[in-house]
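Engineer: Have a peek at data-v2.pdb (PDB, C-alpha atoms).
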ATOM      1  CA  MET S 125      20.074   9.392 -22.988
ATOM      2  CA  ILE S 126      19.833  12.223 -20.432
ATOM      3  CA  GLU S 127      16.163  12.796 -21.282
ATOM      4  CA  GLN S 128      15.481   9.082 -20.841
ATOM      5  CA  LEU S 129      17.182   9.120 -17.439
ATOM      6  CA  LEU S 130      15.208  12.186 -16.340
ATOM      7  CA  SER S 131      11.998  10.541 -17.530
ATOM      8  CA  ILE S 132      12.774   7.447 -15.437
ATOM      9  CA  LEU S 133      13.477   9.637 -12.384
ATOM     10  CA  VAL S 134      10.230  11.610 -12.713
ATOM     11  CA  VAL S 135       7.877   8.744 -13.599
ATOM     12  CA  GLY S 136       9.537   6.398 -11.098
ATOM     13  CA  ALA S 137       9.139   8.915  -8.268
ATOM     14  CA  MET S 138       5.392   9.123  -8.876
ATOM     15  CA  ILE S 139       4.558   5.433  -8.980
ATOM     16  CA  SER S 140       6.974   4.687  -6.120
ATOM     17  CA  ALA S 141       5.022   7.005  -3.804
ATOM     18  CA  VAL S 142       1.908   4.882  -4.364
ATOM     19  CA  TYR S 143       3.935   1.693  -3.878
ATOM     20  CA  ALA S 144       5.083   3.109  -0.527
ATOM     21  CA  LEU S 145       1.456   3.490   0.579
ATOM     22  CA  ILE S 146       0.757  -0.128  -0.296
ATOM     23  CA  ALA S 147       3.774  -1.389   1.642
ATOM     24  CA  ILE S 148       3.358   0.873   4.697
ATOM     25  CA  GLY S 149      -0.172  -0.346   5.384
ATOM     26  CA  PHE S 150       0.923  -3.953   5.036
ATOM     27  CA  THR S 151       3.989  -3.603   7.273
ATOM     28  CA  MET S 152       2.152  -1.577   9.948
ATOM     29  CA  ILE S 153      -0.368  -4.358  10.502
ATOM     30  CA  PHE S 154       2.408  -6.915  10.779
ATOM     31  CA  GLY S 155       4.488  -4.679  13.009
ATOM     32  CA  VAL S 156       1.725  -3.968  15.505
ATOM     33  CA  GLY S 157      -0.137  -7.270  15.536
ATOM     34  CA  GLY S 158       2.194  -9.756  13.874
ATOM     35  CA  VAL S 159      -0.505 -10.434  11.256
ATOM     36  CA  LEU S 160       0.307 -11.067   7.597
ATOM     37  CA  ASN S 161      -2.870  -9.614   6.126
ATOM     38  CA  LEU S 162      -3.295 -11.366   2.796
ATOM     39  CA  ALA S 163      -6.531  -9.454   2.268
ATOM     40  CA  HIS S 164      -4.528  -6.219   1.954
ATOM     41  CA  GLY S 165      -4.537  -6.462  -1.841
ATOM     42  CA  ALA S 166      -8.285  -7.078  -1.803
ATOM     43  CA  LEU S 167      -8.774  -3.893   0.225
ATOM     44  CA  ILE S 168      -6.894  -2.020  -2.497
ATOM     45  CA  MET S 169      -9.306  -3.559  -4.997
ATOM     46  CA  ILE S 170     -12.261  -2.437  -2.849
ATOM     47  CA  GLY S 171     -10.920   1.114  -2.969
ATOM     48  CA  ALA S 172     -10.738   1.051  -6.753
ATOM     49  CA  PHE S 173     -14.211  -0.432  -7.229
ATOM     50  CA  THR S 174     -15.802   1.863  -4.647
ATOM     51  CA  TYR S 175     -14.448   4.772  -6.665
ATOM     52  CA  LEU S 176     -15.751   3.169  -9.864
ATOM     53  CA  ALA S 177     -19.227   2.742  -8.340
ATOM     54  CA  ALA S 178     -19.229   6.318  -7.050
ATOM     55  CA  THR S 179     -18.230   7.932 -10.334
ATOM     56  CA  SER S 180     -20.628   5.681 -12.245
ATOM     57  CA  ALA S 181     -23.394   7.060 -10.020
ATOM     58  CA  ALA S 182     -22.467  10.601 -11.130
ATOM     59  CA  ILE S 183     -20.679  11.441  -7.878
ATOM     60  CA  PRO S 184     -17.852  13.936  -8.612
ATOM     61  CA  PRO S 185     -14.411  12.290  -8.849
ATOM     62  CA  PHE S 186     -12.942  14.037  -5.801
ATOM     63  CA  ALA S 187     -15.948  13.099  -3.654
ATOM     64  CA  GLY S 188     -15.739   9.556  -5.029
ATOM     65  CA  PHE S 189     -12.073   9.448  -4.055
ATOM     66  CA  LEU S 190     -12.851  10.469  -0.462
ATOM     67  CA  LEU S 191     -15.686   7.930  -0.340
ATOM     68  CA  ALA S 192     -13.351   5.180  -1.547
ATOM     69  CA  VAL S 193     -10.849   5.992   1.206
ATOM     70  CA  VAL S 194     -13.539   6.012   3.904
ATOM     71  CA  VAL S 195     -15.169   2.767   2.692
ATOM     72  CA  THR S 196     -11.831   0.953   2.462
ATOM     73  CA  ALA S 197     -10.764   2.146   5.918
ATOM     74  CA  ALA S 198     -14.111   0.964   7.305
ATOM     75  CA  ALA S 199     -13.760  -2.402   5.538
ATOM     76  CA  SER S 200     -10.272  -2.837   6.991
ATOM     77  CA  TYR S 201     -11.533  -2.033  10.484
ATOM     78  CA  ALA S 202     -14.478  -4.422  10.055
ATOM     79  CA  LEU S 203     -12.101  -7.182   8.945
ATOM     80  CA  TYR S 204     -10.094  -6.762  12.121
ATOM     81  CA  ALA S 205     -12.991  -6.226  14.550
ATOM     82  CA  GLY S 206     -15.210  -8.915  13.039
ATOM     83  CA  LEU S 207     -12.668 -11.639  12.319
ATOM     84  CA  VAL S 208      -8.952 -11.134  12.852
ATOM     85  CA  LYS S 209      -9.275  -9.978  16.475
ATOM     86  CA  TYR S 210     -10.604 -13.399  17.448
ATOM     87  CA  ILE S 211      -8.029 -15.506  15.622
ATOM     88  CA  GLU S 212      -4.860 -13.394  15.445
ATOM     89  CA  ASP S 213      -3.069 -15.537  18.034
ATOM     90  CA  ASN S 214      -3.141 -18.436  15.570
ATOM     91  CA  ILE S 215      -0.860 -17.381  12.715
ATOM     92  CA  VAL S 216      -1.852 -20.177  10.327
ATOM     93  CA  ILE S 217      -5.605 -19.690  10.812
ATOM     94  CA  THR S 218      -5.254 -15.920  10.373
ATOM     95  CA  PHE S 219      -3.163 -16.453   7.244
ATOM     96  CA  LEU S 220      -5.788 -18.738   5.721
ATOM     97  CA  ALA S 221      -8.731 -16.603   6.859
ATOM     98  CA  THR S 222      -7.414 -13.449   5.180
ATOM     99  CA  VAL S 223      -6.873 -15.417   1.959
ATOM    100  CA  VAL S 224     -10.478 -16.614   2.109
ATOM    101  CA  VAL S 225     -11.678 -13.037   2.692
ATOM    102  CA  ALA S 226      -9.698 -11.869  -0.345
ATOM    103  CA  LEU S 227     -11.234 -14.591  -2.521
ATOM    104  CA  LEU S 228     -14.714 -13.834  -1.188
ATOM    105  CA  LEU S 229     -14.342 -10.125  -1.949
ATOM    106  CA  THR S 230     -13.133 -11.015  -5.449
ATOM    107  CA  GLU S 231     -16.243 -13.100  -6.085
ATOM    108  CA  LEU S 232     -18.510 -10.337  -4.774
ATOM    109  CA  VAL S 233     -16.851  -7.815  -7.089
ATOM    110  CA  ILE S 234     -17.274 -10.184 -10.056
ATOM    111  CA  ILE S 235     -20.965 -10.603  -9.225
ATOM    112  CA  GLN S 236     -21.478  -6.862  -8.979
ATOM    113  CA  PHE S 237     -19.195  -5.529 -11.719
ATOM    114  CA  GLY S 238     -18.356  -8.514 -13.927
ATOM    115  CA  SER S 239     -14.930  -9.967 -14.622
ATOM    116  CA  ALA S 240     -13.901  -7.656 -17.478
ATOM    117  CA  PRO S 241     -11.378  -4.868 -16.747
ATOM    118  CA  SER S 242     -12.918  -1.452 -16.115
ATOM    119  CA  GLN S 243     -11.640   2.029 -16.879
ATOM    120  CA  LEU S 244     -11.596   4.481 -13.980
ATOM    121  CA  LEU S 245     -12.385   8.136 -14.476
ATOM    122  CA  PRO S 246      -9.266  10.025 -13.287
ATOM    123  CA  VAL S 247      -9.654  12.168 -10.173
ATOM    124  CA  ILE S 248      -8.197  15.003 -12.218
ATOM    125  CA  SER S 249      -7.977  15.041 -16.019
ATOM    126  CA  GLY S 250      -5.371  16.440 -18.365
ATOM    127  CA  THR S 251      -1.653  16.150 -19.047
ATOM    128  CA  ILE S 252       1.408  18.353 -18.972
ATOM    129  CA  TYR S 253       4.443  18.074 -21.243
ATOM    130  CA  LEU S 254       7.757  18.351 -19.426
ATOM    131  CA  GLU S 255      10.084  19.647 -22.102
ATOM    132  CA  ALA S 256      13.263  19.173 -20.058
ATOM    133  CA  VAL S 257      12.381  15.541 -19.469
ATOM    134  CA  GLY S 258      10.892  14.951 -22.891
ATOM    135  CA  THR S 259       7.835  13.135 -21.605
ATOM    136  CA  ARG S 260       4.165  13.811 -21.007
ATOM    137  CA  ILE S 261       2.857  13.426 -17.466
ATOM    138  CA  ARG S 262      -0.790  12.993 -16.521
ATOM    139  CA  TYR S 263      -2.106  15.291 -13.830
ATOM    140  CA  VAL S 264      -3.418  12.251 -11.985
ATOM    141  CA  GLN S 265       0.178  10.999 -11.713
ATOM    142  CA  LEU S 266       1.205  14.270 -10.079
ATOM    143  CA  LEU S 267      -1.807  14.100  -7.788
ATOM    144  CA  ALA S 268      -0.932  10.523  -6.800
ATOM    145  CA  PHE S 269       2.571  11.643  -5.838
ATOM    146  CA  VAL S 270       1.373  14.639  -3.819
ATOM    147  CA  VAL S 271      -1.470  12.832  -2.020
ATOM    148  CA  SER S 272       0.737   9.827  -1.217
ATOM    149  CA  TRP S 273       3.411  11.981   0.374
ATOM    150  CA  ILE S 274       0.840  14.032   2.279
ATOM    151  CA  ALA S 275      -0.486  10.750   3.707
ATOM    152  CA  ILE S 276       3.014   9.499   4.549
ATOM    153  CA  GLY S 277       3.931  12.831   6.133
ATOM    154  CA  ALA S 278       0.712  12.875   8.166
ATOM    155  CA  LEU S 279       1.436   9.344   9.394
ATOM    156  CA  TRP S 280       4.972  10.309  10.385
ATOM    157  CA  TYR S 281       3.653  13.281  12.358
ATOM    158  CA  TYR S 282       0.966  11.133  13.965
ATOM    159  CA  VAL S 283       3.298   8.373  15.180
ATOM    160  CA  THR S 284       6.033  10.738  16.394
ATOM    161  CA  LYS S 285       4.167  13.789  17.715
ATOM    162  CA  THR S 286       0.880  12.541  19.201
ATOM    163  CA  ASP S 287       0.211  10.303  22.202
ATOM    164  CA  GLU S 288      -2.111   8.000  20.233
ATOM    165  CA  GLY S 289       0.431   7.683  17.434
ATOM    166  CA  ARG S 290       3.281   7.011  19.838
ATOM    167  CA  SER S 291       1.227   4.218  21.363
ATOM    168  CA  ILE S 292       1.244   2.538  17.937
ATOM    169  CA  LEU S 293       5.011   2.912  17.770
ATOM    170  CA  ALA S 294       5.409   1.574  21.318
ATOM    171  CA  THR S 295       3.219  -1.442  20.579
ATOM    172  CA  SER S 296       5.192  -2.200  17.424
ATOM    173  CA  MET S 297       8.392  -2.304  19.481
ATOM    174  CA  SER S 298       7.103  -4.378  22.398
ATOM    175  CA  THR S 299       3.512  -5.356  23.137
ATOM    176  CA  ARG S 300       4.389  -6.276  26.720
ATOM    177  CA  GLY S 301       6.145  -2.987  27.327
ATOM    178  CA  ALA S 302       3.235  -1.071  25.804
ATOM    179  CA  GLU S 303       0.772  -2.889  28.059
ATOM    180  CA  LEU S 304       2.851  -2.069  31.137
ATOM    181  CA  THR S 305       2.621   1.636  30.293
ATOM    182  CA  GLY S 306      -1.168   1.450  30.092
ATOM    183  CA  VAL S 307      -1.626   1.190  26.319
ATOM    184  CA  ASP S 308      -4.933  -0.360  25.208
ATOM    185  CA  LEU S 309      -3.722  -2.899  22.653
ATOM    186  CA  GLN S 310      -7.130  -3.432  21.062
ATOM    187  CA  LYS S 311      -7.561   0.282  20.401
ATOM    188  CA  VAL S 312      -4.039   0.513  18.990
ATOM    189  CA  LYS S 313      -4.628  -2.420  16.650
ATOM    190  CA  SER S 314      -7.997  -1.010  15.553
ATOM    191  CA  ARG S 315      -6.407   2.354  14.701
ATOM    192  CA  THR S 316      -3.627   0.590  12.826
ATOM    193  CA  TRP S 317      -6.094  -1.345  10.673
ATOM    194  CA  LEU S 318      -8.034   1.874  10.012
ATOM    195  CA  ILE S 319      -4.883   3.680   8.865
ATOM    196  CA  ALA S 320      -3.761   0.727   6.737
ATOM    197  CA  GLY S 321      -7.230   0.601   5.171
ATOM    198  CA  ALA S 322      -7.184   4.318   4.378
ATOM    199  CA  PHE S 323      -3.778   3.931   2.734
ATOM    200  CA  ALA S 324      -5.121   0.962   0.753
ATOM    201  CA  GLY S 325      -8.080   3.061  -0.404
ATOM    202  CA  ILE S 326      -5.821   5.856  -1.655
ATOM    203  CA  ALA S 327      -3.541   3.355  -3.393
ATOM    204  CA  GLY S 328      -6.522   1.512  -4.907
ATOM    205  CA  VAL S 329      -7.886   4.584  -6.662
ATOM    206  CA  PHE S 330      -4.522   5.577  -8.092
ATOM    207  CA  ILE S 331      -3.374   2.051  -9.003
ATOM    208  CA  GLY S 332      -6.748   1.454 -10.650
ATOM    209  CA  THR S 333      -6.440   4.695 -12.604
ATOM    210  CA  LEU S 334      -2.792   4.441 -13.612
ATOM    211  CA  GLN S 335      -2.716   0.715 -14.333
ATOM    212  CA  SER S 336      -5.880  -1.379 -14.472
ATOM    213  CA  THR S 337      -9.037  -2.149 -12.516
ATOM    214  CA  SER S 338     -10.294  -5.721 -12.446
ATOM    215  CA  PRO S 339     -11.408  -8.297  -9.861
ATOM    216  CA  GLN S 340      -7.920  -9.828 -10.052
ATOM    217  CA  MET S 341      -6.071  -6.539  -9.577
ATOM    218  CA  TRP S 342      -5.404  -7.324  -5.884
ATOM    219  CA  LEU S 343      -2.828  -9.990  -6.688
ATOM    220  CA  SER S 344      -0.197  -7.618  -8.052
ATOM    221  CA  PRO S 345      -0.295  -5.118  -5.127
ATOM    222  CA  LEU S 346      -0.174  -7.980  -2.628
ATOM    223  CA  ALA S 347       2.904  -9.467  -4.315
ATOM    224  CA  LEU S 348       4.380  -5.989  -4.516
ATOM    225  CA  ALA S 349       3.789  -5.427  -0.796
ATOM    226  CA  PHE S 350       5.570  -8.695   0.017
ATOM    227  CA  ILE S 351       8.564  -7.832  -2.156
ATOM    228  CA  ILE S 352       8.905  -4.294  -0.792
ATOM    229  CA  VAL S 353       8.450  -5.285   2.849
ATOM    230  CA  VAL S 354      10.951  -8.152   2.615
ATOM    231  CA  ILE S 355      13.532  -5.929   0.902
ATOM    232  CA  GLY S 356      13.027  -3.018   3.302
ATOM    233  CA  GLY S 357      12.798  -5.175   6.414
ATOM    234  CA  ILE S 358       9.592  -6.612   7.856
ATOM    235  CA  GLY S 359       8.073  -4.108  10.256
ATOM    236  CA  SER S 360      10.185  -1.149   9.111
ATOM    237  CA  ILE S 361       8.163   1.800   7.778
ATOM    238  CA  LYS S 362      11.350   3.609   6.746
ATOM    239  CA  GLY S 363      12.540   0.468   4.997
ATOM    240  CA  SER S 364       9.214   0.137   3.183
ATOM    241  CA  VAL S 365       9.452   3.672   1.791
ATOM    242  CA  ILE S 366      13.043   3.231   0.605
ATOM    243  CA  ALA S 367      12.362  -0.219  -0.838
ATOM    244  CA  ALA S 368       9.238   1.106  -2.585
ATOM    245  CA  TYR S 369      11.352   3.682  -4.380
ATOM    246  CA  LEU S 370      13.973   1.084  -5.239
ATOM    247  CA  ILE S 371      11.334  -1.197  -6.766
ATOM    248  CA  GLY S 372       9.476   1.690  -8.422
ATOM    249  CA  TYR S 373      12.608   2.918 -10.137
ATOM    250  CA  LEU S 374      13.656  -0.591 -11.146
ATOM    251  CA  GLU S 375      10.265  -1.251 -12.732
ATOM    252  CA  THR S 376      10.207   2.120 -14.497
ATOM    253  CA  ALA S 377      13.744   1.639 -15.832
ATOM    254  CA  SER S 378      12.948  -1.906 -16.962
ATOM    255  CA  VAL S 379       9.907  -0.755 -18.925
ATOM    256  CA  GLU S 380      11.708   2.257 -20.374
ATOM    257  CA  ILE S 381      14.877   0.418 -21.433
ATOM    258  CA  LEU S 382      13.935  -3.249 -21.861
ATOM    259  CA  GLY S 383      10.176  -3.131 -22.497
ATOM    260  CA  PRO S 384       6.958  -3.864 -20.533
ATOM    261  CA  SER S 385       7.558  -7.618 -20.423
ATOM    262  CA  PHE S 386      10.570  -7.043 -18.141
ATOM    263  CA  GLN S 387       8.698  -4.869 -15.630
ATOM    264  CA  GLY S 388       8.975  -7.190 -12.639
ATOM    265  CA  VAL S 389      12.121  -9.140 -13.511
ATOM    266  CA  LEU S 390      14.699  -6.874 -11.860
ATOM    267  CA  SER S 391      12.541  -6.583  -8.738
ATOM    268  CA  LEU S 392      12.576 -10.367  -8.321
ATOM    269  CA  VAL S 393      16.342 -10.462  -8.896
ATOM    270  CA  VAL S 394      16.837  -7.870  -6.145
ATOM    271  CA  LEU S 395      14.468  -9.794  -3.845
ATOM    272  CA  VAL S 396      16.465 -13.018  -4.293
ATOM    273  CA  ALA S 397      19.739 -11.141  -3.718
ATOM    274  CA  ILE S 398      18.402  -9.570  -0.501
ATOM    275  CA  LEU S 399      17.149 -12.927   0.781
ATOM    276  CA  LEU S 400      20.582 -14.450   0.150
ATOM    277  CA  LEU S 401      22.764 -11.600   1.406
ATOM    278  CA  LYS S 402      20.625  -9.842   4.003
ATOM    279  CA  PRO S 403      17.657 -12.044   4.998
ATOM    280  CA  ASN S 404      16.298  -9.499   7.504
ATOM    281  CA  GLY S 405      16.048  -6.825   4.800
ATOM    282  CA  LEU S 406      17.931  -3.576   4.280
ATOM    283  CA  PHE S 407      16.853  -2.184   7.648
ATOM    284  CA  GLY S 408      16.295  -5.429   9.480
ATOM    285  CA  ARG S 409      13.261  -6.014  11.599
ATOM    286  CA  GLU S 410      12.733  -3.005  13.825
ATOM    287  CA  LEU S 411       9.636  -4.358  15.500
ATOM    288  CA  VAL S 412      10.001  -7.064  18.110
ATOM    289  CA  HIS S 413       7.040  -8.521  20.025
ATOM    290  CA  GLU S 414       7.552  -9.695  23.544
TER     291      GLU S 414
END
Represent the structure from my file as structure tokens, please.

Structural biologist:
Amino acid sequence: MIEQLLSILVVGAMISAVYALIAIGFTMIFGVGGVLNLAHGALIMIGAFTYLAATSAAIPPFAGFLLAVVVTAAASYALYAGLVKYIEDNIVITFLATVVVALLLTELVIIQFGSAPSQLLPVISGTIYLEAVGTRIRYVQLLAFVVSWIAIGALWYYVTKTDEGRSILATSMSTRGAELTGVDLQKVKSRTWLIAGAFAGIAGVFIGTLQSTSPQMWLSPLALAFIIVVIGGIGSIKGSVIAAYLIGYLETASVEILGPSFQGVLSLVVLVAILLLKPNGLFGRELVHE
């Protein structure tokens, strides 16, 4: 029983770090621009398939990983600069447009790679047996945990210690107040989409490696982002991280104790409970646009 609990703690911590990346990118875009980017899951898919294309072309896995992050960040920026920037004031049109982009990207991936699931080459191969826990951990799981927290830590430093980062934080709190202090809103939004895209690229490679890679893989991360952001509080980065760990541990425990078919059941139960008892999420909505 103790070994099972330790296994849940270790495995849950690793996948939850990746879940946090997915949710942070999603909530940042909403917090800064008020946009529900339904193409966020598709960007995660782009990250996974860019990595697949790179490694299939004999590019080393680590270089392919960096390429996937860069390409996904660029795709996210292009989505904002080429489309969302012109329609973001209309919530419904933006909502529908990002759905259409996600479907379009799915069709392009099917044309290029086919509809069958693909197996990604791990960024780092091998496993380690944790005797105290009684489970075997893949090195790529450890790498996912480390890289995810490096990214989260770098973001925290950026938004709290640098002028450019603080402008993102200021805009997320009040767009009018940020404008009055001389903040260029377009530049802030562009940087936010770049960061969210980079996070999606990192998550895409690791989700694609640890779970599955297919043209439909974007649906699960998108649903996951919604669940985590609603539980943590829309617009709250801190809430997204905590909720990601809550959901990650719930899913890991469900699989370990009840079986794979129950993976998402407890998460949905918690989501319904939060909506009934605390509709604004665990940490409420920190970001208010004026």

Engineer: Do you know which residues are at most 10 Å from Ala205 in chain S counting only C-alpha atoms, after dropping those on the same chain fewer than 5 positions away, and could you put them as a PyMOL selection string?

Structural biologist: chain S and resi 199-200+210+310+313-314+317

Engineer: What do you get, as a PyMOL selection string, if you spell out every residue that the PyMOL selection byres ((chain S and resi 369) around 8) selects here?

Structural biologist: chain S and resi 136-137+140-141+143-144+365-368+370-373

Engineer: Identify, on the basis of all atoms listed in the file, every residue whose closest approach to Phe219 in chain S does not exceed 7 Å; exclude the query and any residue fewer than 5 positions from it along the same chain; express the result as a count of residues only.

Structural biologist: 3

Engineer: Pick out the closest residue to Val135 in chain S from this set: S:Leu190, S:Ala268, S:Ala197, S:Val329. Count all atoms listed in the file.

Structural biologist: S:Ala268

Engineer: I'd like the neighbourhood of Ser385 in chain S as a PyMOL selection string, where a residue qualifies if any of its atoms comes within 12 Å (using all atoms listed in the file), though same-chain residues fewer than 5 positions away should be ignored.

Structural biologist: chain S and resi 375-376+378-380+390

Engineer: Given the point (-13.0, -7.7, -1.7) in the file's coordinates, find the residues that have an atom at most 7 Å from it, counting only C-alpha atoms, and give them as a PyMOL selection string.

Structural biologist: chain S and resi 166-167+169-170+226+228-230+232-233

Engineer: Suppose a student applies the PyMOL selection byres ((chain S and resi 283-288) around 12) to this structure; what residues should they get, written as a list in words?

Structural biologist: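 The output of the PyMOL selection byres ((chain S and resi 283-288) around 12) on this file is Met152, Ile276, Gly277, Ala278, Leu279, Trp280, Tyr281, Tyr282, Gly289, Arg290, Ser291, Ile292, Leu293, Ala294, Thr295, Ser296, Ala302, Gly306, Val307, Asp308, Leu309, Lys311, Val312, Lys313, Ser314, Arg315, Thr316, Ile319 and Ile361 of chain S.
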